[in-house]
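Q: If it helps, the file is called run.cif and holds mmCIF, C-alpha atoms:
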```cif
data_structure
loop_
_atom_site.label_atom_id
_atom_site.label_comp_id
_atom_site.auth_asym_id
_atom_site.auth_seq_id
_atom_site.Cartn_x
_atom_site.Cartn_y
_atom_site.Cartn_z
CA MET A 1 76.33 97.04 109.31
CA SER A 2 75.12 95.53 106.07
CA ILE A 3 77.56 93.91 103.64
CA TRP A 4 77.50 97.04 101.45
CA GLU A 5 78.18 99.30 104.41
CA MET A 6 81.08 97.08 105.43
CA ALA A 7 82.45 97.25 101.87
CA ALA A 8 82.16 101.05 101.91
CA VAL A 9 84.06 101.31 105.20
CA CYS A 10 86.82 98.99 103.93
CA VAL A 11 87.20 100.94 100.67
CA ALA A 12 87.30 104.18 102.65
CA GLY A 13 90.06 102.63 104.76
CA ILE A 14 92.11 101.80 101.65
CA TRP A 15 91.70 105.32 100.31
CA ALA A 16 92.51 106.89 103.68
CA GLY A 17 95.57 104.69 104.17
CA ALA A 18 96.95 105.71 100.78
CA ILE A 19 96.30 109.43 101.26
CA ASN A 20 97.69 109.39 104.80
CA THR A 21 100.93 107.86 103.54
CA VAL A 22 101.36 110.37 100.72
CA VAL A 23 100.10 113.48 102.52
CA GLY A 24 97.62 113.06 105.38
CA SER A 25 93.91 113.88 105.85
CA GLY A 26 92.64 110.31 105.45
CA THR A 27 90.32 110.95 108.40
CA LEU A 28 88.27 113.24 106.15
CA ILE A 29 87.37 110.13 104.15
CA THR A 30 86.79 107.50 106.81
CA PHE A 31 85.09 109.68 109.44
CA PRO A 32 82.13 110.78 107.24
CA VAL A 33 81.66 107.19 106.03
CA LEU A 34 81.48 105.93 109.61
CA LEU A 35 78.89 108.59 110.40
CA ALA A 36 76.94 107.62 107.28
CA VAL A 37 76.69 103.97 108.38
CA GLY A 38 75.20 105.05 111.69
CA LEU A 39 78.04 105.36 114.22
CA PRO A 40 77.80 108.21 116.77
CA PRO A 41 80.46 110.93 116.26
CA VAL A 42 82.68 110.10 119.25
CA THR A 43 82.46 106.36 118.57
CA ALA A 44 83.29 107.01 114.91
CA ASN A 45 86.28 109.17 115.88
CA VAL A 46 87.64 106.58 118.31
CA SER A 47 87.08 103.65 115.92
CA ASN A 48 88.70 105.62 113.12
CA ALA A 49 91.80 106.47 115.19
CA LEU A 50 92.28 102.84 116.18
CA GLY A 51 91.66 101.50 112.66
CA LEU A 52 94.14 103.87 111.01
CA VAL A 53 97.07 102.79 113.20
CA PRO A 54 97.98 99.75 111.02
CA GLY A 55 97.78 101.97 107.93
CA SER A 56 100.26 104.45 109.42
CA VAL A 57 102.60 101.60 110.32
CA SER A 58 102.20 100.15 106.82
CA GLY A 59 103.03 103.51 105.26
CA ALA A 60 106.10 103.92 107.48
CA ILE A 61 107.32 100.46 106.43
CA GLY A 62 106.80 101.44 102.79
CA TYR A 63 109.07 104.44 103.40
CA ARG A 64 111.68 102.47 105.36
CA ARG A 65 114.46 103.34 102.92
CA GLU A 66 113.90 107.07 103.56
CA LEU A 67 113.93 106.47 107.33
CA LYS A 68 117.58 105.39 107.37
CA GLY A 69 119.78 107.70 109.42
CA GLN A 70 116.82 109.41 111.13
CA ARG A 71 116.60 107.40 114.33
CA ALA A 72 117.59 110.25 116.66
CA ARG A 73 115.18 112.64 114.95
CA ILE A 74 112.32 110.13 115.16
CA LEU A 75 112.95 109.44 118.85
CA ARG A 76 112.97 113.14 119.67
CA LEU A 77 109.92 114.07 117.63
CA GLY A 78 108.19 110.82 118.59
CA ALA A 79 108.40 111.72 122.28
CA VAL A 80 106.82 115.11 121.53
CA ALA A 81 104.12 113.43 119.43
CA LEU A 82 103.35 111.00 122.24
CA VAL A 83 102.84 113.73 124.85
CA GLY A 84 100.90 115.94 122.44
CA SER A 85 98.56 113.17 121.33
CA LEU A 86 97.72 112.32 124.94
CA ALA A 87 96.86 115.95 125.59
CA GLY A 88 94.69 116.09 122.48
CA ALA A 89 92.87 112.86 123.35
CA ALA A 90 92.14 114.24 126.80
CA LEU A 91 90.78 117.44 125.26
CA LEU A 92 88.30 115.39 123.22
CA ILE A 93 86.78 114.14 126.46
CA VAL A 94 86.87 117.49 128.27
CA LEU A 95 86.05 120.15 125.66
CA PRO A 96 82.73 120.75 123.83
CA PRO A 97 82.54 118.98 120.44
CA ASP A 98 82.75 122.23 118.46
CA ALA A 99 85.73 123.68 120.35
CA PHE A 100 88.26 123.22 117.55
CA GLU A 101 85.92 123.80 114.61
CA LEU A 102 86.66 127.52 114.40
CA ILE A 103 90.45 127.24 114.29
CA VAL A 104 90.99 124.02 112.32
CA PRO A 105 90.37 125.49 108.83
CA ALA A 106 92.60 128.46 109.63
CA LEU A 107 95.31 126.14 110.96
CA ILE A 108 95.26 124.04 107.79
CA ALA A 109 95.32 127.20 105.62
CA VAL A 110 98.43 128.47 107.39
CA ALA A 111 100.07 125.06 106.93
CA LEU A 112 99.31 125.14 103.19
CA VAL A 113 100.88 128.59 102.85
CA LEU A 114 103.99 127.27 104.56
CA VAL A 115 104.08 124.25 102.23
CA VAL A 116 103.84 126.47 99.13
CA LEU A 117 106.44 128.95 100.37
CA GLN A 118 108.70 126.32 101.96
CA PRO A 119 111.45 126.33 99.28
CA ARG A 120 111.70 130.14 99.29
CA LEU A 121 111.50 130.41 103.08
CA SER A 122 114.08 127.65 103.52
CA ARG A 123 116.52 129.44 101.21
CA ALA A 124 115.97 132.71 103.06
CA MET A 125 116.59 131.01 106.42
CA GLN A 126 119.70 129.32 105.02
CA ARG A 127 121.12 132.67 103.80
CA ARG A 128 120.42 134.22 107.19
CA ARG A 129 122.24 131.40 108.96
CA GLU A 130 125.19 131.72 106.62
CA GLN A 131 125.41 135.45 107.32
CA LYS A 132 125.49 134.71 111.03
CA ASP A 133 127.73 131.66 110.52
CA ARG A 134 125.24 129.27 112.10
CA ARG A 135 124.39 125.71 111.16
CA PRO A 136 120.71 124.72 110.92
CA PRO A 137 119.51 122.59 113.86
CA VAL A 138 119.58 118.95 112.76
CA HIS A 139 116.33 118.26 114.62
CA GLY A 140 114.64 121.61 114.04
CA GLY A 141 115.28 123.18 117.43
CA PRO A 142 112.74 124.37 120.04
CA THR A 143 110.51 126.00 117.42
CA LEU A 144 109.88 122.71 115.65
CA LEU A 145 109.40 120.80 118.88
CA GLY A 146 106.78 123.30 120.07
CA GLY A 147 104.96 123.31 116.75
CA MET A 148 104.97 119.53 116.51
CA GLY A 149 103.60 119.32 120.05
CA VAL A 150 100.63 121.51 119.12
CA ALA A 151 100.09 119.59 115.86
CA SER A 152 100.19 116.28 117.74
CA ALA A 153 97.64 117.55 120.26
CA TYR A 154 95.37 118.43 117.36
CA GLY A 155 96.01 114.95 115.93
CA GLY A 156 95.02 113.31 119.20
CA TYR A 157 91.82 115.36 119.23
CA PHE A 158 90.68 114.73 115.64
CA GLY A 159 93.59 114.50 113.18
CA ALA A 160 92.11 115.71 109.87
CA ALA A 161 94.99 117.20 107.81
CA GLN A 162 97.44 116.57 110.64
CA GLY A 163 99.91 115.25 108.06
CA VAL A 164 99.71 118.52 106.12
CA ILE A 165 100.64 120.47 109.25
CA TYR A 166 103.48 118.06 110.05
CA LEU A 167 104.91 118.39 106.54
CA ALA A 168 104.64 122.18 106.63
CA LEU A 169 106.50 122.47 109.94
CA MET A 170 109.21 119.92 109.20
CA GLY A 171 109.64 121.07 105.60
CA LEU A 172 110.33 124.60 106.80
CA LEU A 173 112.50 123.87 109.82
CA LEU A 174 114.42 120.71 108.89
CA PRO A 175 117.35 120.81 106.44
CA ASP A 176 116.28 117.66 104.62
CA ASP A 177 114.57 116.21 101.55
CA LEU A 178 110.77 116.31 101.46
CA GLN A 179 110.51 112.54 100.89
CA ARG A 180 112.60 111.82 104.00
CA ILE A 181 110.45 114.26 105.95
CA ASN A 182 107.33 112.48 104.67
CA ALA A 183 108.75 109.20 105.98
CA VAL A 184 109.13 110.73 109.45
CA LYS A 185 105.59 112.08 109.19
CA ASN A 186 104.25 108.55 108.70
CA VAL A 187 106.02 107.30 111.83
CA LEU A 188 104.75 110.22 113.91
CA SER A 189 101.21 109.70 112.61
CA ALA A 190 101.38 106.08 113.75
CA VAL A 191 102.49 107.24 117.20
CA VAL A 192 99.70 109.82 117.50
CA ASN A 193 96.95 107.49 116.25
CA GLY A 194 98.22 104.64 118.39
CA VAL A 195 98.51 106.62 121.62
CA ALA A 196 95.15 108.31 121.11
CA ALA A 197 93.49 104.99 120.30
CA VAL A 198 94.85 103.30 123.43
CA PHE A 199 93.67 106.25 125.53
CA PHE A 200 90.21 106.08 123.98
CA LEU A 201 89.92 102.36 124.72
CA PHE A 202 89.63 103.19 128.42
CA VAL A 203 87.35 106.22 128.23
CA ALA A 204 85.13 105.91 125.13
CA GLU A 205 83.12 103.41 123.14
CA PHE A 206 84.33 101.98 119.84
CA HIS A 207 82.95 99.70 117.12
CA TRP A 208 85.13 96.63 116.58
CA THR A 209 83.78 95.82 113.12
CA ALA A 210 84.55 99.32 111.91
CA VAL A 211 88.00 99.17 113.51
CA LEU A 212 88.81 95.88 111.77
CA LEU A 213 87.55 97.01 108.36
CA ILE A 214 89.49 100.29 108.47
CA ALA A 215 92.58 98.49 109.76
CA VAL A 216 92.57 96.02 106.87
CA GLY A 217 91.82 98.71 104.30
CA SER A 218 94.34 101.24 105.61
CA THR A 219 97.09 98.59 105.73
CA VAL A 220 96.60 97.89 102.03
CA GLY A 221 96.27 101.59 101.31
CA GLY A 222 99.47 102.37 103.21
CA GLN A 223 101.49 100.16 100.89
CA LEU A 224 99.81 101.63 97.81
CA GLY A 225 100.43 105.15 99.04
CA ALA A 226 104.10 104.43 99.72
CA ARG A 227 104.59 103.12 96.17
CA ILE A 228 102.96 106.22 94.72
CA GLY A 229 104.36 108.82 97.10
CA ARG A 230 107.98 107.71 96.88
CA ARG A 231 107.93 108.25 93.11
CA LEU A 232 106.57 111.81 93.23
CA PRO A 233 109.04 114.67 92.61
CA PRO A 234 109.10 117.31 95.41
CA THR A 235 107.16 119.83 93.30
CA VAL A 236 104.41 117.32 92.49
CA LEU A 237 104.27 116.10 96.08
CA ARG A 238 103.91 119.69 97.25
CA GLY A 239 101.05 120.16 94.78
CA VAL A 240 99.30 117.05 96.09
CA ILE A 241 99.67 118.34 99.65
CA VAL A 242 98.07 121.67 98.71
CA ALA A 243 95.21 119.99 96.81
CA VAL A 244 94.38 117.66 99.70
CA GLY A 245 94.66 120.49 102.21
CA LEU A 246 92.29 122.71 100.24
CA ALA A 247 89.82 119.84 99.98
CA ALA A 248 90.06 119.40 103.74
CA ILE A 249 89.33 123.08 104.36
CA ILE A 250 86.35 123.06 102.00
CA GLN A 251 84.87 119.93 103.58
CA LEU A 252 85.31 121.27 107.12
CA LEU A 253 83.72 124.63 106.23
CA LEU A 254 80.78 122.96 104.46
CA ASN A 255 80.18 120.71 107.46
#
```
The structure given in the file should be rewritten as C-alpha coordinates.
A:
Amino acid sequence: MSIWEMAAVCVAGIWAGAINTVVGSGTLITFPVLLAVGLPPVTANVSNALGLVPGSVSGAIGYRRELKGQRARILRLGAVALVGSLAGAALLIVLPPDAFELIVPALIAVALVLVVLQPRLSRAMQRRREQKDRRPPVHGGPTLLGGMGVASAYGGYFGAAQGVIYLALMGLLLPDDLQRINAVKNVLSAVVNGVAAVFFLFVAEFHWTAVLLIAVGSTVGGQLGARIGRRLPPTVLRGVIVAVGLAAIIQLLLN
(Lines of atoms letter the chains of each structure in order from A and count residues from 1; the text may use other names and numbers.)
(Lines give C-alpha, C1' and ligand atoms only; values in the text may rest on other atoms or scores of the structure.)
Protein backbone atom coordinates (compact mmCIF):
# COMPACT_ATOMS: atom_id res chain seq x y z
CA MET A 1 0.00 0.00 0.00
CA SER A 2 1.08 3.55 -0.71
CA ILE A 3 1.27 6.12 2.09
CA TRP A 4 -2.08 7.61 0.99
CA GLU A 5 -3.74 4.21 0.93
CA MET A 6 -2.40 3.51 4.41
CA ALA A 7 -3.76 6.87 5.60
CA ALA A 8 -7.17 6.06 4.08
CA VAL A 9 -7.31 2.68 5.85
CA CYS A 10 -6.33 4.25 9.19
CA VAL A 11 -8.95 7.01 8.87
CA ALA A 12 -11.55 4.40 7.94
CA GLY A 13 -10.55 2.50 11.08
CA ILE A 14 -11.11 5.60 13.25
CA TRP A 15 -14.52 6.19 11.70
CA ALA A 16 -15.49 2.53 11.99
CA GLY A 17 -14.35 2.33 15.61
CA ALA A 18 -16.46 5.35 16.54
CA ILE A 19 -19.58 4.14 14.72
CA ASN A 20 -19.23 0.61 16.10
CA THR A 21 -19.12 1.98 19.64
CA VAL A 22 -22.19 4.19 19.19
CA VAL A 23 -24.26 1.85 17.01
CA GLY A 24 -22.46 -0.71 14.84
CA SER A 25 -21.93 -1.13 11.07
CA GLY A 26 -18.31 0.08 11.03
CA THR A 27 -17.52 -2.81 8.67
CA LEU A 28 -19.46 -0.97 5.96
CA ILE A 29 -16.74 1.69 6.09
CA THR A 30 -13.55 -0.34 6.43
CA PHE A 31 -14.44 -3.26 4.16
CA PRO A 32 -14.98 -1.18 0.97
CA VAL A 33 -11.78 0.78 1.68
CA LEU A 34 -9.79 -2.44 1.97
CA LEU A 35 -11.24 -3.61 -1.34
CA ALA A 36 -10.39 -0.26 -2.90
CA VAL A 37 -6.71 -0.56 -1.94
CA GLY A 38 -6.51 -3.93 -3.65
CA LEU A 39 -7.17 -6.62 -1.03
CA PRO A 40 -9.16 -9.70 -2.14
CA PRO A 41 -12.64 -9.92 -0.53
CA VAL A 42 -11.94 -12.78 1.89
CA THR A 43 -8.56 -11.33 2.89
CA ALA A 44 -10.22 -7.94 3.41
CA ASN A 45 -12.97 -9.51 5.55
CA VAL A 46 -10.49 -11.42 7.71
CA SER A 47 -8.13 -8.44 8.10
CA ASN A 48 -11.06 -6.21 8.95
CA ALA A 49 -12.40 -8.58 11.63
CA LEU A 50 -8.99 -8.82 13.29
CA GLY A 51 -8.32 -5.07 13.08
CA LEU A 52 -11.66 -4.09 14.63
CA VAL A 53 -11.13 -6.18 17.78
CA PRO A 54 -9.09 -3.46 19.60
CA GLY A 55 -11.73 -0.90 18.64
CA SER A 56 -14.50 -3.00 20.20
CA VAL A 57 -12.42 -3.43 23.36
CA SER A 58 -11.71 0.32 23.40
CA GLY A 59 -15.42 1.09 23.07
CA ALA A 60 -16.30 -1.34 25.86
CA ILE A 61 -13.73 0.34 28.13
CA GLY A 62 -15.25 3.72 27.27
CA TYR A 63 -18.62 2.37 28.44
CA ARG A 64 -17.21 0.72 31.58
CA ARG A 65 -19.44 2.76 33.89
CA GLU A 66 -22.56 1.39 32.16
CA LEU A 67 -21.20 -2.16 32.44
CA LYS A 68 -21.37 -2.19 36.24
CA GLY A 69 -23.77 -4.80 37.60
CA GLN A 70 -24.03 -6.65 34.26
CA ARG A 71 -21.40 -9.35 34.77
CA ALA A 72 -23.85 -12.27 34.80
CA ARG A 73 -25.65 -10.96 31.72
CA ILE A 74 -22.37 -10.48 29.84
CA LEU A 75 -21.14 -13.98 30.71
CA ARG A 76 -24.38 -15.55 29.54
CA LEU A 77 -24.70 -13.59 26.32
CA GLY A 78 -20.94 -13.74 25.75
CA ALA A 79 -21.05 -17.54 25.72
CA VAL A 80 -23.82 -17.43 23.11
CA ALA A 81 -21.86 -14.87 21.07
CA LEU A 82 -18.76 -17.07 21.18
CA VAL A 83 -20.56 -20.16 19.85
CA GLY A 84 -22.49 -18.16 17.26
CA SER A 85 -19.43 -16.36 15.93
CA LEU A 86 -17.59 -19.66 15.47
CA ALA A 87 -20.52 -21.00 13.48
CA GLY A 88 -20.62 -17.87 11.34
CA ALA A 89 -16.88 -17.94 10.68
CA ALA A 90 -17.16 -21.56 9.59
CA LEU A 91 -20.01 -20.64 7.24
CA LEU A 92 -17.77 -18.09 5.53
CA ILE A 93 -15.42 -20.90 4.55
CA VAL A 94 -18.15 -23.38 3.57
CA LEU A 95 -20.91 -21.34 1.89
CA PRO A 96 -20.79 -19.49 -1.47
CA PRO A 97 -19.82 -15.80 -1.11
CA ASP A 98 -23.32 -14.55 -2.01
CA ALA A 99 -25.21 -16.87 0.36
CA PHE A 100 -26.20 -14.19 2.86
CA GLU A 101 -26.62 -11.30 0.42
CA LEU A 102 -30.33 -11.91 -0.10
CA ILE A 103 -31.31 -11.97 3.57
CA VAL A 104 -28.94 -9.40 5.10
CA PRO A 105 -30.85 -6.26 3.98
CA ALA A 106 -34.13 -7.79 5.15
CA LEU A 107 -32.58 -8.76 8.48
CA ILE A 108 -31.31 -5.22 9.07
CA ALA A 109 -34.70 -3.77 8.06
CA VAL A 110 -36.49 -5.94 10.62
CA ALA A 111 -33.98 -4.87 13.27
CA LEU A 112 -34.62 -1.19 12.47
CA VAL A 113 -38.37 -1.67 12.82
CA LEU A 114 -37.78 -3.24 16.22
CA VAL A 115 -35.53 -0.33 17.25
CA VAL A 116 -38.17 2.24 16.26
CA LEU A 117 -41.02 0.36 17.92
CA GLN A 118 -38.98 -0.77 20.94
CA PRO A 119 -40.46 1.69 23.50
CA ARG A 120 -44.05 0.87 22.49
CA LEU A 121 -43.41 -2.88 22.27
CA SER A 122 -41.60 -2.88 25.62
CA ARG A 123 -44.54 -1.13 27.31
CA ALA A 124 -46.98 -3.59 25.75
CA MET A 125 -44.88 -6.55 26.93
CA GLN A 126 -44.63 -5.01 30.41
CA ARG A 127 -48.43 -4.59 30.64
CA ARG A 128 -48.91 -8.19 29.52
CA ARG A 129 -46.50 -9.43 32.19
CA GLU A 130 -48.25 -7.38 34.84
CA GLN A 131 -51.62 -8.86 33.84
CA LYS A 132 -50.16 -12.33 34.21
CA ASP A 133 -48.18 -11.32 37.32
CA ARG A 134 -44.83 -12.22 35.76
CA ARG A 135 -41.48 -10.51 36.11
CA PRO A 136 -39.44 -9.87 32.95
CA PRO A 137 -36.45 -12.22 32.56
CA VAL A 138 -33.35 -10.39 33.79
CA HIS A 139 -31.27 -11.88 30.97
CA GLY A 140 -33.95 -11.92 28.27
CA GLY A 141 -34.87 -15.59 28.42
CA PRO A 142 -34.58 -18.24 25.67
CA THR A 143 -35.94 -15.90 22.98
CA LEU A 144 -33.08 -13.45 23.44
CA LEU A 145 -30.47 -16.18 23.65
CA GLY A 146 -31.68 -17.71 20.38
CA GLY A 147 -31.82 -14.37 18.61
CA MET A 148 -28.38 -13.34 19.85
CA GLY A 149 -26.99 -16.68 18.67
CA VAL A 150 -28.25 -16.06 15.13
CA ALA A 151 -27.02 -12.45 15.20
CA SER A 152 -23.59 -13.60 16.40
CA ALA A 153 -23.39 -16.18 13.62
CA TYR A 154 -24.10 -13.40 11.14
CA GLY A 155 -21.41 -11.31 12.86
CA GLY A 156 -18.87 -14.10 12.51
CA TYR A 157 -19.73 -14.38 8.82
CA PHE A 158 -19.56 -10.68 7.89
CA GLY A 159 -20.81 -8.40 10.68
CA ALA A 160 -22.17 -5.34 8.84
CA ALA A 161 -24.91 -3.80 11.05
CA GLN A 162 -24.51 -6.57 13.61
CA GLY A 163 -24.64 -3.91 16.33
CA VAL A 164 -28.01 -2.69 15.05
CA ILE A 165 -29.43 -6.21 15.33
CA TYR A 166 -27.95 -6.65 18.82
CA LEU A 167 -29.47 -3.37 20.01
CA ALA A 168 -32.86 -4.23 18.53
CA LEU A 169 -33.00 -7.63 20.24
CA MET A 170 -31.69 -6.53 23.62
CA GLY A 171 -33.66 -3.28 23.60
CA LEU A 172 -36.87 -5.22 23.11
CA LEU A 173 -36.25 -8.15 25.45
CA LEU A 174 -34.15 -6.69 28.29
CA PRO A 175 -35.71 -4.49 30.98
CA ASP A 176 -32.86 -1.99 30.98
CA ASP A 177 -31.63 1.41 29.78
CA LEU A 178 -30.52 1.70 26.15
CA GLN A 179 -27.09 3.05 27.13
CA ARG A 180 -26.43 0.04 29.38
CA ILE A 181 -27.57 -2.24 26.58
CA ASN A 182 -25.20 -0.45 24.20
CA ALA A 183 -22.35 -1.12 26.63
CA VAL A 184 -23.13 -4.85 26.54
CA LYS A 185 -23.30 -4.68 22.75
CA ASN A 186 -19.71 -3.39 22.63
CA VAL A 187 -18.45 -6.28 24.75
CA LEU A 188 -20.29 -8.85 22.63
CA SER A 189 -18.96 -7.28 19.43
CA ALA A 190 -15.42 -7.64 20.79
CA VAL A 191 -16.11 -11.31 21.51
CA VAL A 192 -17.52 -11.98 18.04
CA ASN A 193 -14.77 -10.12 16.19
CA GLY A 194 -12.08 -11.69 18.34
CA VAL A 195 -13.31 -15.28 18.02
CA ALA A 196 -13.89 -14.94 14.28
CA ALA A 197 -10.47 -13.36 13.79
CA VAL A 198 -8.67 -16.14 15.67
CA PHE A 199 -10.56 -18.74 13.63
CA PHE A 200 -9.63 -16.99 10.38
CA LEU A 201 -5.95 -16.92 11.34
CA PHE A 202 -5.82 -20.69 10.84
CA VAL A 203 -7.92 -21.01 7.70
CA ALA A 204 -7.59 -17.80 5.66
CA GLU A 205 -5.07 -15.21 4.54
CA PHE A 206 -4.85 -11.76 6.10
CA HIS A 207 -2.89 -8.56 5.50
CA TRP A 208 -0.88 -7.51 8.56
CA THR A 209 -0.44 -3.89 7.49
CA ALA A 210 -4.19 -3.48 7.06
CA VAL A 211 -4.81 -5.20 10.39
CA LEU A 212 -2.41 -2.87 12.21
CA LEU A 213 -3.79 0.30 10.59
CA ILE A 214 -7.41 -0.60 11.36
CA ALA A 215 -6.46 -1.67 14.89
CA VAL A 216 -4.81 1.68 15.64
CA GLY A 217 -7.60 3.66 14.02
CA SER A 218 -10.46 1.72 15.60
CA THR A 219 -8.88 1.99 19.06
CA VAL A 220 -8.87 5.78 18.77
CA GLY A 221 -12.33 5.73 17.25
CA GLY A 222 -13.66 3.53 20.04
CA GLN A 223 -12.78 6.15 22.63
CA LEU A 224 -14.25 8.94 20.53
CA GLY A 225 -17.43 6.97 19.98
CA ALA A 226 -17.80 6.25 23.69
CA ARG A 227 -17.52 9.96 24.54
CA ILE A 228 -20.17 10.82 21.96
CA GLY A 229 -22.51 7.87 22.48
CA ARG A 230 -22.69 8.12 26.26
CA ARG A 231 -23.99 11.68 25.98
CA LEU A 232 -26.80 10.91 23.53
CA PRO A 233 -30.37 10.77 24.93
CA PRO A 234 -32.22 7.49 24.16
CA THR A 235 -34.38 9.13 21.47
CA VAL A 236 -31.36 10.60 19.68
CA LEU A 237 -29.40 7.36 20.00
CA ARG A 238 -32.35 5.49 18.51
CA GLY A 239 -32.40 7.96 15.61
CA VAL A 240 -28.68 7.43 14.99
CA ILE A 241 -29.23 3.66 14.97
CA VAL A 242 -31.98 3.98 12.36
CA ALA A 243 -29.92 6.35 10.18
CA VAL A 244 -26.89 4.05 10.20
CA GLY A 245 -29.04 1.00 9.58
CA LEU A 246 -30.75 2.60 6.58
CA ALA A 247 -27.37 3.59 5.18
CA ALA A 248 -26.23 -0.01 5.60
CA ILE A 249 -29.26 -1.34 3.73
CA ILE A 250 -28.79 1.14 0.88
CA GLN A 251 -25.09 0.33 0.53
CA LEU A 252 -25.70 -3.42 0.55
CA LEU A 253 -28.48 -3.16 -2.06
CA LEU A 254 -26.38 -0.93 -4.31
CA ASN A 255 -23.46 -3.35 -4.11
Q: Which of these, A:Ala81, A:Ala89, A:Ala247, A:Ile181, has the shortest distance to Gly147 (chain A) once you count all atoms listed in the file?
A: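 Once distances to Gly147 (chain A) are computed over all atoms listed in the file, the minimum belongs to A:Ala81.
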Q: Have a look at A:Lys185, A:Arg230, A:Arg76, A:Lys68 and name the one nearest to Ala168 (chain A); count all atoms listed in the file.
A: A:Lys185
Q: So what do you get for CA of Phe202 (chain A) versus CA of Gly51 (chain A), distance-wise?
A: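 Separation between CA of Phe202 (chain A) and CA of Gly51 (chain A): 16.0 Å.
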Q: Set the distance at 7 Å and use all atoms listed in the file: which residues neighbour Trp15 (chain A) once local chain neighbours fewer than 4 positions away are removed? I'd like the list as a PyMOL selection string.
A: chain A and resi 11+19+221
Q: To one decimal place in Å, what is the distance between CA of Val9 (chain A) and CA of Val37 (chain A)?
A: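 Pair CA of Val9 (chain A) / CA of Val37 (chain A) returns 8.5 Å.
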Q: Between A:Leu77, A:Ile93, A:Ala60, A:Leu52, which is the closest to Ala151 (chain A) once you count only C-alpha atoms?
A: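 For Ala151 (chain A), the nearest of the candidates is A:Leu77.
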Q: Go through A:Ala72, A:Ile250, A:Val220, A:Ala196 and flag the residue nearest Leu91 (chain A), using all atoms listed in the file for the distances.
A: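 Smallest distance to Leu91 (chain A) is found for A:Ala196.
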Q: Grab the CA of Leu92 (chain A) to CA of Leu39 (chain A) distance for me, in Å with one decimal place.
A: 16.9 Å
Q: Using all atoms listed in the file, which of A:Arg65, A:Leu50, A:Val94, A:Thr235 sits nearest Leu201 (chain A)?
A: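 Distance minimum relative to Leu201 (chain A) lands on A:Leu50.
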Q: Taking into account all atoms listed in the file, which residue in the set A:Gly149, A:Pro54, A:Pro142, A:Gly194 is nearest to Leu174 (chain A)?
A: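 For Leu174 (chain A), the nearest of the candidates is A:Pro142.
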Q: Using the chain letters and numbering of this document, enumerate as an mmCIF file with C-alpha atoms, keeping the file's coordinate frame the residues selected by the PyMOL selection byres ((chain A and resi 187) around 9).
A:
```cif
data_model
loop_
_atom_site.group_PDB
_atom_site.id
_atom_site.type_symbol
_atom_site.label_atom_id
_atom_site.label_comp_id
_atom_site.auth_asym_id
_atom_site.auth_seq_id
_atom_site.Cartn_x
_atom_site.Cartn_y
_atom_site.Cartn_z
ATOM 1 C CA SER A 56 100.260 104.450 109.420
ATOM 2 C CA VAL A 57 102.600 101.600 110.320
ATOM 3 C CA GLY A 59 103.030 103.510 105.260
ATOM 4 C CA ALA A 60 106.100 103.920 107.480
ATOM 5 C CA ILE A 61 107.320 100.460 106.430
ATOM 6 C CA ILE A 74 112.320 110.130 115.160
ATOM 7 C CA GLY A 78 108.190 110.820 118.590
ATOM 8 C CA ASN A 182 107.330 112.480 104.670
ATOM 9 C CA ALA A 183 108.750 109.200 105.980
ATOM 10 C CA VAL A 184 109.130 110.730 109.450
ATOM 11 C CA LYS A 185 105.590 112.080 109.190
ATOM 12 C CA ASN A 186 104.250 108.550 108.700
ATOM 13 C CA LEU A 188 104.750 110.220 113.910
ATOM 14 C CA SER A 189 101.210 109.700 112.610
ATOM 15 C CA ALA A 190 101.380 106.080 113.750
ATOM 16 C CA VAL A 191 102.490 107.240 117.200
ATOM 17 C CA VAL A 192 99.700 109.820 117.500
#
```
Q: With the file shown as input, list the residues that the PyMOL selection byres ((chain A and resi 218) around 7) selects, as a PyMOL selection string.
A: chain A and resi 13-14+16-17+52+54-55+214-217+219-222
